[in-house]
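I have placed the structure first, in the form of C-alpha coordinates, so that the comments after it can refer back to it.
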Amino acid sequence: YISPNATVSNSLINQGCYIDGEVTHSVIFNDVKIGKGAKVIDSVVLPGSVIEDGACVKKCIINSNMTVKANEKINIDEKSIILVSEVEE
(Lines give C-alpha, C1' and ligand atoms only; values in the text may rest on other atoms or scores of the structure.)
Protein backbone atom coordinates (compact mmCIF):
# COMPACT_ATOMS: atom_id res chain seq x y z
CA TYR A 1 0.00 0.00 0.00
CA ILE A 2 1.25 3.45 -0.91
CA SER A 3 -0.66 6.19 0.90
CA PRO A 4 -1.91 9.27 -0.96
CA ASN A 5 0.40 11.27 1.35
CA ALA A 6 3.48 9.26 0.29
CA THR A 7 6.09 10.31 -2.26
CA VAL A 8 7.99 7.63 -4.15
CA SER A 9 10.57 8.47 -6.81
CA ASN A 10 13.15 6.38 -8.67
CA SER A 11 12.64 3.48 -6.26
CA LEU A 12 11.61 -0.17 -6.22
CA ILE A 13 8.87 -1.14 -3.76
CA ASN A 14 8.11 -4.83 -3.16
CA GLN A 15 4.75 -6.36 -2.26
CA GLY A 16 3.29 -6.18 1.21
CA CYS A 17 4.76 -2.78 2.09
CA TYR A 18 3.02 0.14 3.77
CA ILE A 19 4.46 3.46 2.63
CA ASP A 20 3.26 6.71 4.21
CA GLY A 21 6.47 8.76 3.90
CA GLU A 22 9.04 9.70 1.28
CA VAL A 23 11.14 7.13 -0.59
CA THR A 24 13.82 8.37 -3.02
CA HIS A 25 16.43 6.35 -4.98
CA SER A 26 15.86 3.31 -2.74
CA VAL A 27 14.95 -0.37 -2.77
CA ILE A 28 12.27 -1.44 -0.31
CA PHE A 29 11.85 -5.19 0.26
CA ASN A 30 8.62 -6.97 1.28
CA ASP A 31 6.73 -6.34 4.51
CA VAL A 32 8.40 -2.99 5.25
CA LYS A 33 6.52 -0.15 6.94
CA ILE A 34 7.57 3.46 6.37
CA GLY A 35 5.64 5.78 8.65
CA LYS A 36 4.12 9.20 8.16
CA GLY A 37 6.72 11.88 7.46
CA ALA A 38 9.58 9.35 7.39
CA LYS A 39 12.26 9.71 4.70
CA VAL A 40 14.28 6.93 3.09
CA ILE A 41 16.93 8.30 0.71
CA ASP A 42 19.54 6.36 -1.30
CA SER A 43 18.95 3.28 0.86
CA VAL A 44 18.02 -0.40 0.90
CA VAL A 45 15.49 -1.58 3.49
CA LEU A 46 15.44 -5.36 3.95
CA PRO A 47 12.28 -7.42 4.75
CA GLY A 48 10.21 -6.85 7.86
CA SER A 49 11.80 -3.56 8.88
CA VAL A 50 9.96 -0.52 10.22
CA ILE A 51 10.90 3.11 9.72
CA GLU A 52 8.71 4.91 12.24
CA ASP A 53 7.00 8.29 11.80
CA GLY A 54 9.37 11.20 11.20
CA ALA A 55 12.52 9.05 11.02
CA CYS A 56 15.08 9.74 8.31
CA VAL A 57 17.70 7.39 6.85
CA LYS A 58 20.17 8.24 4.11
CA LYS A 59 22.69 5.96 2.36
CA CYS A 60 21.85 3.05 4.67
CA ILE A 61 21.31 -0.65 4.38
CA ILE A 62 18.68 -1.45 7.00
CA ASN A 63 18.98 -5.11 8.00
CA SER A 64 15.92 -7.41 8.17
CA ASN A 65 13.39 -6.90 10.98
CA MET A 66 15.02 -3.70 12.26
CA THR A 67 13.11 -0.73 13.67
CA VAL A 68 14.27 2.84 13.21
CA LYS A 69 12.54 4.74 16.01
CA ALA A 70 10.28 7.75 15.46
CA ASN A 71 12.15 10.96 14.60
CA GLU A 72 15.55 9.19 14.63
CA LYS A 73 18.04 10.47 12.04
CA ILE A 74 20.63 8.03 10.67
CA ASN A 75 23.60 8.94 8.45
CA ILE A 76 22.06 12.22 7.29
CA ASP A 77 25.35 14.08 6.74
CA GLU A 78 27.58 11.17 5.72
CA LYS A 79 28.80 10.38 2.22
CA SER A 80 29.53 6.68 2.75
CA ILE A 81 27.02 3.84 3.04
CA ILE A 82 26.42 2.25 6.45
CA LEU A 83 24.79 -0.98 7.63
CA VAL A 84 22.17 -0.60 10.34
CA SER A 85 22.01 -3.90 12.22
CA GLU A 86 21.26 -5.20 15.67
CA VAL A 87 24.23 -5.20 18.03
CA GLU A 88 24.79 -8.40 19.98
CA GLU A 89 25.74 -7.99 23.63
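Chain lettering (A, B, ...) mirrors the order of the C-alpha coordinates, residue numbering begins at 1 for each chain separately, and ligand numbering begins at 1 in order of display.
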
Interface rows for range 26-60 of chain A against range 68-80 of chain A: nearest pair, Å to one decimal, 6 Å, only C-alpha atoms, as a tab-separated table:
residue	atom	partner	partner_atom	distance
A:Ile51	CA	A:Val68	CA	4.9
A:Glu52	CA	A:Ala70	CA	4.6
A:Asp53	CA	A:Ala70	CA	4.9
A:Gly54	CA	A:Asn71	CA	4.4
A:Ala55	CA	A:Asn71	CA	4.1
A:Cys56	CA	A:Lys73	CA	4.8
A:Val57	CA	A:Ile74	CA	4.9
A:Lys58	CA	A:Ile76	CA	5.4

Task: Residues flagged strand (DSSP E or B) by DSSP in range 42-79 of chain A, as a PyMOL selection string - done: chain A and resi 44-45+50-51+56-58+60-62+67-68+73-74

Open item on the list: At a cut-off of 7 Å, using only C-alpha atoms, what residues contact Phe29 in chain A? Leave out same-chain residues fewer than 4 positions from it and give the result as a ChimeraX atom specification.
Closed with: /A:13-14,45-47

Open item on the list: My list of candidates is A:Ser85, A:Ser49, A:Asn10, A:Ser3. Which is closest to Lys36 in chain A when distances are computed with only C-alpha atoms?
Closed with: A:Ser3

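Across the model, the gap from CA of Cys60 in chain A to CA of Ala6 in chain A is 19.9 Å.
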
Open item on the list: Env of Ser43 in chain A: 7 Å cut, atoms = only C-alpha atoms, seq-sep filter 3 positions within chain, self excluded. Answer as a list in words.
Closed with: Ser26, Val27, Val40, Lys58, Lys59, Cys60 and Ile61 of chain A

Limited to N, CA and C atoms, could you put the picked residues into a file as a PDB file, in the first residue's frame?
ATOM      1  N   SER A  26      15.695   4.390  -3.721  1.00  0.00           N
ATOM      2  CA  SER A  26      15.862   3.314  -2.744  1.00  0.00           C
ATOM      3  C   SER A  26      15.205   2.022  -3.208  1.00  0.00           C
ATOM      4  N   VAL A  27      15.567   0.934  -2.532  1.00  0.00           N
ATOM      5  CA  VAL A  27      14.946  -0.365  -2.769  1.00  0.00           C
ATOM      6  C   VAL A  27      14.319  -0.797  -1.454  1.00  0.00           C
ATOM      7  N   VAL A  40      13.285   7.942   3.408  1.00  0.00           N
ATOM      8  CA  VAL A  40      14.276   6.925   3.085  1.00  0.00           C
ATOM      9  C   VAL A  40      14.929   7.376   1.789  1.00  0.00           C
ATOM     10  N   LYS A  58      19.542   7.873   5.375  1.00  0.00           N
ATOM     11  CA  LYS A  58      20.167   8.240   4.110  1.00  0.00           C
ATOM     12  C   LYS A  58      21.413   7.375   3.914  1.00  0.00           C
ATOM     13  N   LYS A  59      21.548   6.805   2.712  1.00  0.00           N
ATOM     14  CA  LYS A  59      22.688   5.957   2.363  1.00  0.00           C
ATOM     15  C   LYS A  59      22.895   4.867   3.404  1.00  0.00           C
ATOM     16  N   CYS A  60      21.811   4.128   3.676  1.00  0.00           N
ATOM     17  CA  CYS A  60      21.852   3.055   4.665  1.00  0.00           C
ATOM     18  C   CYS A  60      21.371   1.748   4.055  1.00  0.00           C
ATOM     19  N   ILE A  61      21.884   0.667   4.598  1.00  0.00           N
ATOM     20  CA  ILE A  61      21.307  -0.651   4.376  1.00  0.00           C
ATOM     21  C   ILE A  61      20.700  -1.038   5.723  1.00  0.00           C
TER      22      ILE A  61
END

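Distance-wise, CA of Ser9 in chain A and CA of Glu86 in chain A end up 28.4 Å apart.
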
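Between CA of Lys39 in chain A and CA of Thr24 in chain A the separation is 8.0 Å.
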